[in-house]
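A.B. asks: Just one file: target09.cif, with mmCIF, C-alpha atoms and all ligand atoms.
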```cif
data_input
loop_
_atom_site.group_PDB
_atom_site.id
_atom_site.type_symbol
_atom_site.label_atom_id
_atom_site.label_comp_id
_atom_site.auth_asym_id
_atom_site.auth_seq_id
_atom_site.Cartn_x
_atom_site.Cartn_y
_atom_site.Cartn_z
ATOM 1 C CA MET A 140 -5.580 -17.381 -21.240
ATOM 2 C CA SER A 141 -6.065 -17.771 -17.508
ATOM 3 C CA ARG A 142 -4.247 -15.597 -15.018
ATOM 4 C CA ILE A 143 -0.942 -16.996 -13.848
ATOM 5 C CA VAL A 144 -0.104 -16.714 -10.162
ATOM 6 C CA PHE A 145 2.938 -17.700 -8.132
ATOM 7 C CA LEU A 146 2.573 -20.134 -5.230
ATOM 8 C CA ASN A 147 5.370 -21.785 -3.257
ATOM 9 C CA GLY A 148 7.952 -21.828 -6.002
ATOM 10 C CA SER A 149 5.691 -22.448 -9.012
ATOM 11 C CA PHE A 150 3.941 -20.349 -11.621
ATOM 12 C CA LEU A 151 0.459 -21.819 -12.195
ATOM 13 C CA PRO A 152 -2.958 -20.965 -13.617
ATOM 14 C CA ILE A 153 -4.974 -19.406 -10.781
ATOM 15 C CA GLU A 154 -7.502 -22.279 -10.848
ATOM 16 C CA GLU A 155 -4.738 -24.729 -9.932
ATOM 17 C CA ALA A 156 -3.208 -22.647 -7.144
ATOM 18 C CA LYS A 157 -4.514 -24.105 -3.874
ATOM 19 C CA VAL A 158 -3.456 -23.094 -0.382
ATOM 20 C CA ASP A 159 -3.620 -25.660 2.416
ATOM 21 C CA PHE A 160 -6.655 -25.644 4.735
ATOM 22 C CA MET A 161 -4.401 -25.301 7.813
ATOM 23 C CA ASP A 162 -2.378 -22.397 6.437
ATOM 24 C CA ARG A 163 -1.704 -19.978 9.289
ATOM 25 C CA GLY A 164 -2.558 -17.070 7.050
ATOM 26 C CA PHE A 165 -6.061 -18.490 6.690
ATOM 27 C CA MET A 166 -6.440 -19.579 10.340
ATOM 28 C CA PHE A 167 -4.718 -16.718 12.216
ATOM 29 C CA GLY A 168 -4.010 -13.991 9.698
ATOM 30 C CA ASP A 169 -0.413 -14.926 10.565
ATOM 31 C CA GLY A 170 1.398 -13.319 7.691
ATOM 32 C CA ILE A 171 2.458 -10.133 5.994
ATOM 33 C CA TYR A 172 2.132 -8.722 2.492
ATOM 34 C CA GLU A 173 3.386 -6.115 0.056
ATOM 35 C CA GLY A 174 2.100 -4.503 -3.089
ATOM 36 C CA VAL A 175 4.081 -2.779 -5.829
ATOM 37 C CA GLY A 176 2.896 -0.745 -8.797
ATOM 38 C CA VAL A 177 3.896 -1.557 -12.378
ATOM 39 C CA LEU A 178 4.137 1.162 -15.009
ATOM 40 C CA GLY A 179 5.392 0.654 -18.558
ATOM 41 C CA GLY A 180 6.304 -2.911 -17.570
ATOM 42 C CA GLN A 181 8.607 -1.618 -14.785
ATOM 43 C CA LEU A 182 8.253 -2.178 -11.034
ATOM 44 C CA VAL A 183 7.868 1.189 -9.309
ATOM 45 C CA ASP A 184 9.829 1.863 -6.094
ATOM 46 C CA ASN A 185 10.412 -1.872 -5.710
ATOM 47 C CA GLU A 186 13.543 -1.515 -3.551
ATOM 48 C CA GLY A 187 11.431 0.322 -0.975
ATOM 49 C CA HIS A 188 8.734 -2.359 -1.030
ATOM 50 C CA LEU A 189 11.278 -5.166 -0.664
ATOM 51 C CA GLU A 190 12.954 -3.289 2.181
ATOM 52 C CA ARG A 191 9.587 -2.916 3.956
ATOM 53 C CA LEU A 192 8.826 -6.602 3.300
ATOM 54 C CA GLU A 193 12.094 -7.541 5.038
ATOM 55 C CA ARG A 194 11.207 -5.299 7.939
ATOM 56 C CA SER A 195 7.644 -6.664 8.323
ATOM 57 C CA LEU A 196 8.941 -10.264 8.216
ATOM 58 C CA LYS A 197 11.596 -9.488 10.810
ATOM 59 C CA GLU A 198 9.079 -7.842 13.139
ATOM 60 C CA VAL A 199 6.788 -10.912 13.073
ATOM 61 C CA ARG A 200 9.730 -13.363 13.007
ATOM 62 C CA ILE A 201 9.068 -15.104 9.691
ATOM 63 C CA ALA A 202 12.219 -15.908 7.688
ATOM 64 C CA ASN A 203 12.422 -14.128 4.339
ATOM 65 C CA PRO A 204 12.279 -16.923 1.751
ATOM 66 C CA TYR A 205 14.054 -14.925 -0.989
ATOM 67 C CA THR A 206 16.755 -12.347 -1.508
ATOM 68 C CA ARG A 207 15.798 -8.993 -3.048
ATOM 69 C CA ALA A 208 17.223 -10.100 -6.387
ATOM 70 C CA GLU A 209 15.176 -13.321 -6.281
ATOM 71 C CA TRP A 210 11.977 -11.465 -5.365
ATOM 72 C CA THR A 211 12.540 -9.040 -8.221
ATOM 73 C CA ARG A 212 13.135 -11.834 -10.699
ATOM 74 C CA LEU A 213 9.914 -13.591 -9.599
ATOM 75 C CA GLN A 214 7.898 -10.361 -9.777
ATOM 76 C CA GLU A 215 9.204 -9.548 -13.249
ATOM 77 C CA GLU A 216 8.559 -13.093 -14.423
ATOM 78 C CA LEU A 217 4.988 -12.987 -13.105
ATOM 79 C CA ALA A 218 4.273 -9.631 -14.803
ATOM 80 C CA ARG A 219 5.777 -10.996 -18.025
ATOM 81 C CA ARG A 220 3.778 -14.240 -17.918
ATOM 82 C CA ASN A 221 0.578 -12.215 -17.475
ATOM 83 C CA GLY A 222 1.545 -9.669 -20.105
ATOM 84 C CA MET A 223 0.964 -6.948 -17.510
ATOM 85 C CA GLU A 224 2.386 -3.570 -18.511
ATOM 86 C CA GLU A 225 0.506 -1.515 -15.933
ATOM 87 C CA GLY A 226 -1.080 -2.480 -12.622
ATOM 88 C CA PHE A 227 -0.239 -3.930 -9.253
ATOM 89 C CA ILE A 228 1.646 -6.966 -7.974
ATOM 90 C CA TYR A 229 0.479 -8.345 -4.616
ATOM 91 C CA PHE A 230 2.805 -10.661 -2.691
ATOM 92 C CA GLN A 231 2.236 -12.358 0.627
ATOM 93 C CA VAL A 232 4.204 -14.538 3.036
ATOM 94 C CA THR A 233 2.502 -16.510 5.812
ATOM 95 C CA ARG A 234 4.010 -18.619 8.592
ATOM 96 C CA GLY A 235 3.064 -21.758 6.694
ATOM 97 C CA VAL A 236 0.963 -24.839 7.316
ATOM 98 C CA ALA A 237 0.647 -26.576 10.702
ATOM 99 C CA GLU A 238 -1.971 -27.978 13.072
ATOM 100 C CA ARG A 239 -3.783 -25.080 14.732
ATOM 101 C CA ASP A 240 -1.759 -23.871 17.707
ATOM 102 C CA PHE A 241 -1.088 -20.221 18.496
ATOM 103 C CA ALA A 242 2.656 -20.559 19.144
ATOM 104 C CA PHE A 243 4.957 -20.799 16.116
ATOM 105 C CA PRO A 244 5.360 -24.226 14.487
ATOM 106 C CA GLU A 245 8.923 -25.490 14.119
ATOM 107 C CA ASN A 246 10.661 -26.202 10.825
ATOM 108 C CA VAL A 247 7.713 -25.170 8.679
ATOM 109 C CA PRO A 248 8.413 -23.341 5.414
ATOM 110 C CA PRO A 249 6.479 -20.108 4.835
ATOM 111 C CA THR A 250 3.699 -19.986 2.256
ATOM 112 C CA VAL A 251 4.532 -17.536 -0.550
ATOM 113 C CA ALA A 252 1.782 -16.275 -2.847
ATOM 114 C CA MET A 253 1.899 -13.595 -5.524
ATOM 115 C CA PHE A 254 -0.573 -12.350 -8.131
ATOM 116 C CA THR A 255 -1.042 -9.491 -10.590
ATOM 117 C CA GLN A 256 -3.933 -7.064 -11.067
ATOM 118 C CA ALA A 257 -3.909 -5.217 -14.372
ATOM 119 C CA LYS A 258 -5.109 -1.636 -13.830
ATOM 120 C CA ALA A 259 -4.792 1.763 -15.492
ATOM 121 C CA ILE A 260 -2.832 3.848 -12.988
ATOM 122 C CA ALA A 261 -1.335 6.661 -15.077
ATOM 123 C CA ALA A 262 -4.588 7.389 -16.936
ATOM 124 C CA ALA A 263 -6.970 6.573 -14.062
ATOM 125 C CA PRO A 264 -10.179 8.655 -14.372
ATOM 126 C CA ALA A 265 -10.052 9.272 -10.580
ATOM 127 C CA ALA A 266 -6.839 11.241 -11.107
ATOM 128 C CA GLU A 267 -8.813 13.799 -13.146
ATOM 129 C CA THR A 268 -11.976 13.927 -11.072
ATOM 130 C CA GLY A 269 -10.488 13.309 -7.635
ATOM 131 C CA ILE A 270 -12.116 11.039 -5.073
ATOM 132 C CA ALA A 271 -14.344 11.368 -2.036
ATOM 133 C CA VAL A 272 -13.255 10.154 1.398
ATOM 134 C CA ILE A 273 -15.149 9.713 4.632
ATOM 135 C CA THR A 274 -13.650 9.607 8.119
ATOM 136 C CA VAL A 275 -14.095 6.610 10.426
ATOM 137 C CA PRO A 276 -12.650 5.654 13.823
ATOM 138 C CA ASP A 277 -9.290 3.872 13.560
ATOM 139 C CA MET A 278 -10.018 0.475 15.110
ATOM 140 C CA ARG A 279 -6.680 -1.199 14.357
ATOM 141 C CA TRP A 280 -4.009 -2.760 16.582
ATOM 142 C CA LYS A 281 -0.907 -0.948 17.869
ATOM 143 C CA ARG A 282 1.627 -2.161 15.271
ATOM 144 C CA ARG A 283 0.270 -0.552 12.125
ATOM 145 C CA ASP A 284 3.847 -0.093 10.915
ATOM 146 C CA ILE A 285 3.834 -3.825 10.046
ATOM 147 C CA LYS A 286 2.085 -4.630 6.766
ATOM 148 C CA SER A 287 0.011 -7.410 8.308
ATOM 149 C CA ILE A 288 -2.559 -9.393 6.307
ATOM 150 C CA ASN A 289 -5.036 -8.730 9.157
ATOM 151 C CA LEU A 290 -7.130 -6.118 7.395
ATOM 152 C CA LEU A 291 -10.539 -6.478 9.029
ATOM 153 C CA ALA A 292 -10.597 -2.882 10.318
ATOM 154 C CA GLN A 293 -9.691 -1.635 6.827
ATOM 155 C CA VAL A 294 -12.272 -3.916 5.188
ATOM 156 C CA LEU A 295 -14.970 -2.427 7.430
ATOM 157 C CA ALA A 296 -13.674 1.123 6.936
ATOM 158 C CA LYS A 297 -13.567 0.840 3.150
ATOM 159 C CA GLN A 298 -16.983 -0.834 2.998
ATOM 160 C CA ALA A 299 -18.403 2.085 5.029
ATOM 161 C CA ALA A 300 -16.777 4.439 2.492
ATOM 162 C CA LYS A 301 -18.321 2.538 -0.398
ATOM 163 C CA GLU A 302 -21.773 2.629 1.207
ATOM 164 C CA ALA A 303 -21.370 6.402 1.650
ATOM 165 C CA GLY A 304 -20.490 6.807 -2.049
ATOM 166 C CA ALA A 305 -16.811 7.460 -1.247
ATOM 167 C CA GLN A 306 -13.686 5.685 -2.495
ATOM 168 C CA GLU A 307 -11.487 5.753 0.614
ATOM 169 C CA ALA A 308 -11.855 5.993 4.389
ATOM 170 C CA TRP A 309 -9.513 8.172 6.438
ATOM 171 C CA MET A 310 -9.103 6.623 9.859
ATOM 172 C CA VAL A 311 -9.129 8.901 12.882
ATOM 173 C CA GLU A 312 -7.636 8.467 16.345
ATOM 174 C CA ASP A 313 -7.929 11.058 19.147
ATOM 175 C CA GLY A 314 -9.254 13.553 16.600
ATOM 176 C CA TYR A 315 -6.230 13.182 14.298
ATOM 177 C CA VAL A 316 -6.174 11.472 10.907
ATOM 178 C CA THR A 317 -3.880 8.434 10.970
ATOM 179 C CA GLU A 318 -4.063 7.275 7.322
ATOM 180 C CA GLY A 319 -6.359 5.853 4.667
ATOM 181 C CA GLY A 320 -7.681 2.282 4.683
ATOM 182 C CA SER A 321 -5.079 1.409 2.048
ATOM 183 C CA SER A 322 -3.227 4.693 1.459
ATOM 184 C CA SER A 323 -1.288 7.508 3.139
ATOM 185 C CA ALA A 324 -3.246 10.727 3.823
ATOM 186 C CA PHE A 325 -2.025 14.264 3.030
ATOM 187 C CA ILE A 326 -3.423 17.777 3.145
ATOM 188 C CA VAL A 327 -2.056 21.041 1.721
ATOM 189 C CA THR A 328 -2.424 24.199 3.810
ATOM 190 C CA LYS A 329 -3.669 27.513 2.425
ATOM 191 C CA ALA A 330 -0.015 28.631 2.536
ATOM 192 C CA GLY A 331 0.799 25.812 0.072
ATOM 193 C CA ARG A 332 2.603 23.505 2.492
ATOM 194 C CA ILE A 333 2.110 19.740 2.503
ATOM 195 C CA VAL A 334 1.135 18.223 5.846
ATOM 196 C CA VAL A 335 1.589 14.512 6.560
ATOM 197 C CA ARG A 336 1.594 12.515 9.775
ATOM 198 C CA PRO A 337 5.117 11.547 10.944
ATOM 199 C CA LEU A 338 6.097 7.864 10.911
ATOM 200 C CA SER A 339 5.435 5.867 14.078
ATOM 201 C CA ASN A 340 3.748 2.584 15.049
ATOM 202 C CA SER A 341 0.406 4.323 14.334
ATOM 203 C CA ILE A 342 0.741 4.195 10.533
ATOM 204 C CA LEU A 343 2.261 2.131 7.758
ATOM 205 C CA PRO A 344 5.468 3.694 6.431
ATOM 206 C CA GLY A 345 4.169 4.278 2.896
ATOM 207 C CA ILE A 346 6.751 3.758 0.183
ATOM 208 C CA THR A 347 4.945 6.145 -2.171
ATOM 209 C CA ARG A 348 4.784 8.618 0.741
ATOM 210 C CA ARG A 349 8.562 8.397 1.119
ATOM 211 C CA SER A 350 9.230 9.034 -2.589
ATOM 212 C CA MET A 351 6.713 11.849 -2.594
ATOM 213 C CA LEU A 352 8.456 13.573 0.298
ATOM 214 C CA ALA A 353 11.781 13.359 -1.543
ATOM 215 C CA LEU A 354 10.162 14.752 -4.716
ATOM 216 C CA SER A 355 8.443 17.601 -2.881
ATOM 217 C CA GLU A 356 11.777 18.579 -1.378
ATOM 218 C CA GLN A 357 13.454 18.528 -4.807
ATOM 219 C CA HIS A 358 10.704 20.790 -6.137
ATOM 220 C CA GLY A 359 10.893 23.207 -3.214
ATOM 221 C CA ILE A 360 7.378 22.472 -1.919
ATOM 222 C CA GLY A 361 7.180 23.126 1.827
ATOM 223 C CA LEU A 362 6.490 20.152 4.045
ATOM 224 C CA GLU A 363 5.332 19.709 7.627
ATOM 225 C CA GLU A 364 5.503 16.238 9.162
ATOM 226 C CA ARG A 365 2.972 16.588 11.964
ATOM 227 C CA LEU A 366 -0.451 15.397 13.085
ATOM 228 C CA PHE A 367 -3.520 17.037 11.547
ATOM 229 C CA THR A 368 -7.129 16.959 12.717
ATOM 230 C CA VAL A 369 -10.255 16.187 10.735
ATOM 231 C CA GLU A 370 -11.283 19.873 11.096
ATOM 232 C CA GLU A 371 -7.977 20.995 9.603
ATOM 233 C CA ALA A 372 -8.545 18.610 6.700
ATOM 234 C CA TYR A 373 -12.037 20.083 6.116
ATOM 235 C CA GLU A 374 -10.446 23.551 5.886
ATOM 236 C CA ALA A 375 -7.450 22.498 3.769
ATOM 237 C CA ALA A 376 -6.611 24.047 0.391
ATOM 238 C CA GLU A 377 -6.034 20.570 -1.093
ATOM 239 C CA ALA A 378 -5.988 16.967 0.012
ATOM 240 C CA PHE A 379 -4.597 13.822 -1.577
ATOM 241 C CA LEU A 380 -3.571 10.247 -0.921
ATOM 242 C CA THR A 381 -0.644 8.111 -2.019
ATOM 243 C CA SER A 382 -0.310 4.345 -2.513
ATOM 244 C CA ALA A 383 1.482 1.847 -4.723
ATOM 245 C CA SER A 384 -1.753 1.052 -6.554
ATOM 246 C CA ASN A 385 -2.756 4.688 -7.228
ATOM 247 C CA PHE A 386 0.470 6.714 -6.882
ATOM 248 C CA VAL A 387 -0.989 10.188 -6.083
ATOM 249 C CA LEU A 388 -4.779 10.749 -6.125
ATOM 250 C CA PRO A 389 -6.575 14.020 -5.392
ATOM 251 C CA VAL A 390 -9.153 13.982 -2.578
ATOM 252 C CA VAL A 391 -11.900 16.465 -3.431
ATOM 253 C CA SER A 392 -14.378 15.866 -0.629
ATOM 254 C CA ILE A 393 -14.183 14.773 2.994
ATOM 255 C CA ASP A 394 -17.332 13.606 4.805
ATOM 256 C CA GLY A 395 -19.428 15.165 2.040
ATOM 257 C CA ARG A 396 -17.766 18.607 2.330
ATOM 258 C CA PRO A 397 -15.877 19.801 -0.751
ATOM 259 C CA VAL A 398 -12.170 20.418 -0.199
ATOM 260 C CA ALA A 399 -11.750 24.087 -1.253
ATOM 261 C CA ASP A 400 -13.551 24.349 -4.641
ATOM 262 C CA GLY A 401 -14.018 20.570 -4.859
ATOM 263 C CA LYS A 402 -11.516 20.161 -7.702
ATOM 264 C CA PRO A 403 -8.020 18.605 -7.732
ATOM 265 C CA GLY A 404 -5.578 21.297 -6.613
ATOM 266 C CA PRO A 405 -2.411 22.524 -8.391
ATOM 267 C CA ILE A 406 0.086 21.132 -5.869
ATOM 268 C CA THR A 407 -1.548 17.698 -5.994
ATOM 269 C CA ARG A 408 -1.488 17.769 -9.810
ATOM 270 C CA LYS A 409 2.154 18.797 -9.828
ATOM 271 C CA LEU A 410 3.104 16.026 -7.379
ATOM 272 C CA ARG A 411 1.228 13.410 -9.378
ATOM 273 C CA GLU A 412 2.923 14.489 -12.593
ATOM 274 C CA THR A 413 6.327 14.492 -10.908
ATOM 275 C CA TYR A 414 5.733 11.040 -9.443
ATOM 276 C CA LEU A 415 4.672 9.643 -12.832
ATOM 277 C CA GLN A 416 7.835 11.066 -14.398
ATOM 278 C CA MET A 417 9.931 9.448 -11.687
ATOM 279 C CA ALA A 418 8.122 6.109 -12.159
ATOM 280 C CA ALA A 419 8.730 6.223 -15.905
ATOM 281 C CA ALA A 420 12.361 7.307 -15.543
ATOM 282 C CA PRO A 421 14.072 3.878 -15.330
ATOM 283 C CA ARG A 422 12.309 2.846 -18.538
ATOM 284 C CA LEU A 423 13.419 6.012 -20.350
ATOM 285 C CA ALA A 424 16.952 5.518 -19.093
ATOM 286 C CA ALA A 425 16.942 1.946 -20.420
ATOM 287 C CA GLU A 426 15.744 2.935 -23.889
HETATM 288 N N1 LIG A 501 -1.915 -0.356 0.674
HETATM 289 N N2 LIG A 501 -1.388 2.859 4.547
HETATM 290 C C1 LIG A 501 -2.006 1.675 4.485
HETATM 291 C C2 LIG A 501 -2.824 1.228 5.649
HETATM 292 C C3 LIG A 501 -1.869 0.873 3.334
HETATM 293 O O1 LIG A 501 -2.487 -0.322 3.274
HETATM 294 C C4 LIG A 501 -1.093 1.342 2.246
HETATM 295 C C5 LIG A 501 -0.898 0.535 0.997
HETATM 296 C C6 LIG A 501 -0.474 2.599 2.371
HETATM 297 C C7 LIG A 501 0.384 3.170 1.277
HETATM 298 O O2 LIG A 501 1.637 2.502 1.220
HETATM 299 P P1 LIG A 501 2.434 2.367 -0.157
HETATM 300 O O3 LIG A 501 2.633 3.740 -0.685
HETATM 301 O O4 LIG A 501 3.710 1.726 0.252
HETATM 302 O O5 LIG A 501 1.589 1.508 -1.070
HETATM 303 C C8 LIG A 501 -0.631 3.323 3.530
HETATM 304 C C9 LIG A 501 -1.794 -1.226 -0.493
HETATM 305 C C10 LIG A 501 -1.674 -0.482 -1.761
HETATM 306 C C11 LIG A 501 -2.946 -2.228 -0.473
HETATM 307 O O6 LIG A 501 -3.233 -2.721 0.614
HETATM 308 O O7 LIG A 501 -3.532 -2.518 -1.519
#
```
Spell out the structure here as structure tokens.
C.D. replies:
Amino acid sequence: MSRIVFLNGSFLPIEEAKVDFMDRGFMFGDGIYEGVGVLGGQLVDNEGHLERLERSLKEVRIANPYTRAEWTRLQEELARRNGMEEGFIYFQVTRGVAERDFAFPENVPPTVAMFTQAKAIAAAPAAETGIAVITVPDMRWKRRDIKSINLLAQVLAKQAAKEAGAQEAWMVEDGYVTEGGSSSAFIVTKAGRIVVRPLSNSILPGITRRSMLALSEQHGIGLEERLFTVEEAYEAAEAFLTSASNFVLPVVSIDGRPVADGKPGPITRKLRETYLQMAAAPRLAAE
């Protein structure tokens, strides 16, 4: 059975889903996207992702084609049609199709595309072993709070990581870590406190980050929202990342230097476990 995707109101086999040559997403990167995790057939933190989608669309002045309830119905339908119990749903809205001209076209409907990627998240081997990250200069624009489809800086950063045998790149500006190529970056101090960069236009407001902060508070784990340097990360007791496609993943080396003993730390393990419980909770409640 071929993968079913959603394009402009229809569910179709991926081979039949064609986007117009003059789509502004293709020509200008004029669009925004979101990604939500699926666990046990349930969307994880979807309200947060739909809220951020609304915000990104508003910031770039593209009308939201659907209400939250409609988005949710389409996402659930797509997961169901693909028989996807665990993985990731990607969804993207571009400013639509028009002759190439930088200024906005008038009366053009947005292009809406959505697809699934089946993936083991809860039992991911990387959660046991941890991953390696490298640091790279943050070369992005000044509105990183918008989840833009312009990802060239992240493509280059993550390719550099891959070539260095690492799985993520932590981007650095003025000596401070901003975030990962496609994840939020955290360290844990020797005193057992979580450190994460505060929200601003310099980073994407991670939805997993937000849930994690709420969970750490509930579990009495100390938290500092402040900048941290690469040197502080090298010296940290633990490091980890969060994202919709990985939830919480331990970082066990940075630029080839082991983080502490080079093994996933206890606070990271606890947070991952807690997050997985939270993600599974709606399903348990429904049973
Ligand atoms: N990336 N920072 C950046 C630059 C990201 O691209 C992402 C997500 C995050 C984490 O945000 P969240 O917890 O809401 O997923 C932080 C997605 C997963 C991606 O591009 O595949």
A.B. asks: All residues within 9 Å of ligand LIG 501 (chain A) are required, counting all atoms listed in the file; please report them as a VMD selection string.
C.D. replies: chain A and resid 172 to 176 184 187 to 188 191 227 229 283 to 284 286 288 290 293 317 to 324 342 to 350 380 to 386
A.B. asks: Those residues you just picked out, can you put them in a file as a CSV table (one decimal), keeping the file's coordinate frame with C-alpha atoms?
C.D. replies:
```
chain,number,residue,atom,x,y,z
A,172,TYR,CA,2.1,-8.7,2.5
A,173,GLU,CA,3.4,-6.1,0.1
A,174,GLY,CA,2.1,-4.5,-3.1
A,175,VAL,CA,4.1,-2.8,-5.8
A,176,GLY,CA,2.9,-0.7,-8.8
A,184,ASP,CA,9.8,1.9,-6.1
A,187,GLY,CA,11.4,0.3,-1.0
A,188,HIS,CA,8.7,-2.4,-1.0
A,191,ARG,CA,9.6,-2.9,4.0
A,227,PHE,CA,-0.2,-3.9,-9.3
A,229,TYR,CA,0.5,-8.3,-4.6
A,283,ARG,CA,0.3,-0.6,12.1
A,284,ASP,CA,3.8,-0.1,10.9
A,286,LYS,CA,2.1,-4.6,6.8
A,288,ILE,CA,-2.6,-9.4,6.3
A,290,LEU,CA,-7.1,-6.1,7.4
A,293,GLN,CA,-9.7,-1.6,6.8
A,317,THR,CA,-3.9,8.4,11.0
A,318,GLU,CA,-4.1,7.3,7.3
A,319,GLY,CA,-6.4,5.9,4.7
A,320,GLY,CA,-7.7,2.3,4.7
A,321,SER,CA,-5.1,1.4,2.0
A,322,SER,CA,-3.2,4.7,1.5
A,323,SER,CA,-1.3,7.5,3.1
A,324,ALA,CA,-3.2,10.7,3.8
A,342,ILE,CA,0.7,4.2,10.5
A,343,LEU,CA,2.3,2.1,7.8
A,344,PRO,CA,5.5,3.7,6.4
A,345,GLY,CA,4.2,4.3,2.9
A,346,ILE,CA,6.8,3.8,0.2
A,347,THR,CA,4.9,6.1,-2.2
A,348,ARG,CA,4.8,8.6,0.7
A,349,ARG,CA,8.6,8.4,1.1
A,350,SER,CA,9.2,9.0,-2.6
A,380,LEU,CA,-3.6,10.2,-0.9
A,381,THR,CA,-0.6,8.1,-2.0
A,382,SER,CA,-0.3,4.3,-2.5
A,383,ALA,CA,1.5,1.8,-4.7
A,384,SER,CA,-1.8,1.1,-6.6
A,385,ASN,CA,-2.8,4.7,-7.2
A,386,PHE,CA,0.5,6.7,-6.9
```
A.B. asks: From the list A:Ala265, A:Leu291, A:Leu366, A:Ala418, which residue is nearest Leu182 in chain A when using only C-alpha atoms?
C.D. replies: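 Once distances to Leu182 in chain A are computed over only C-alpha atoms, the minimum belongs to A:Ala418.
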A.B. asks: Written as a ChimeraX atom specification, which residues does the PyMOL selection byres (((chain A and resi 396-409) around 10) and not hetatm) give for the file shown?
C.D. replies: /A:265-273,325-327,329,331-333,355,358,360,372-380,387-395,410-415
A.B. asks: At what distance in Å, to one decimal, does CA of Val251 in chain A lie from CA of Gly170 in chain A?
C.D. replies: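 Atom-to-atom, CA of Gly170 in chain A to CA of Val251 in chain A, that is 9.8 Å.
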A.B. asks: Name the residues that the PyMOL selection byres (((chain A and resi 228) around 12) and not hetatm) pulls out of this structure, and write them as a VMD selection string.
C.D. replies: chain A and resid 143 to 145 172 to 178 180 to 183 185 188 210 to 211 213 to 219 221 223 to 227 229 to 231 252 to 258 383 to 384
A.B. asks: Of the residues A:Met140, A:Met310, A:Leu338, A:Ala419, which is the one nearest to Arg365 in chain A, using all atoms listed in the file?
C.D. replies: A:Leu338
A.B. asks: For Asp313 in chain A, which of A:Asn203, A:Ser141, A:Ser287, A:Thr368 is the closest residue, counting all atoms listed in the file?
C.D. replies: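 Ranked by minimum distance to Asp313 in chain A, first place goes to A:Thr368.
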A.B. asks: Identify, on the basis of all atoms listed in the file, every residue whose closest approach to Pro248 in chain A does not exceed 10 Å; exclude the query and any residue fewer than 2 positions from it along the same chain; express the result as an MDAnalysis selection string.
C.D. replies: chainID A and resid 147 201:202 204 233:237 244:246 250:251
A.B. asks: Given only C-alpha atoms as the basis, pick out the residue of A:Arg207, A:Arg220, A:Arg282, A:Arg239 nearest to Phe165 in chain A.
C.D. replies: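 Between A:Arg207, A:Arg220, A:Arg282, A:Arg239, the residue approaching Phe165 in chain A most closely is A:Arg239.
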A.B. asks: What separation in Å, quoted to one decimal, exists between CA of Leu196 in chain A and CA of Met166 in chain A?
C.D. replies: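 For CA of Leu196 in chain A relative to CA of Met166 in chain A, the distance reads 18.1 Å.
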A.B. asks: Would you work out the distance separating CA of Val232 in chain A from CA of Phe150 in chain A, expressed in Å to one decimal?
C.D. replies: 15.8 Å
A.B. asks: Go through A:Ala303, A:Ala263, A:Met278, A:Met161 one by one, measure the shortest atom-to-atom distance of each to Glu238 in chain A using all atoms listed in the file, and give the residue with the smallest value.
C.D. replies: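 Of all the options, A:Met161 lies closest to Glu238 in chain A.
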A.B. asks: Residues within 12 Å of Gly314 in chain A, please, as a ChimeraX atom specification. Count all atoms listed in the file; anything in the same chain fewer than 5 positions from it doesn't count.
C.D. replies: /A:274-277,309,366-372
A.B. asks: Taking the file as I've supplied it (selection: the PyMOL selection byres (((chain A and resi 307) around 6) and not hetatm)), which residues are included? Please answer as a compact mmCIF listing (two decimals) with C-alpha atoms, in the frame of the given file.
C.D. replies:
```
# COMPACT_ATOMS: atom_id res chain seq x y z
CA VAL A 272 -13.26 10.15 1.40
CA LYS A 297 -13.57 0.84 3.15
CA ALA A 300 -16.78 4.44 2.49
CA ALA A 305 -16.81 7.46 -1.25
CA GLN A 306 -13.69 5.68 -2.50
CA ALA A 308 -11.86 5.99 4.39
```
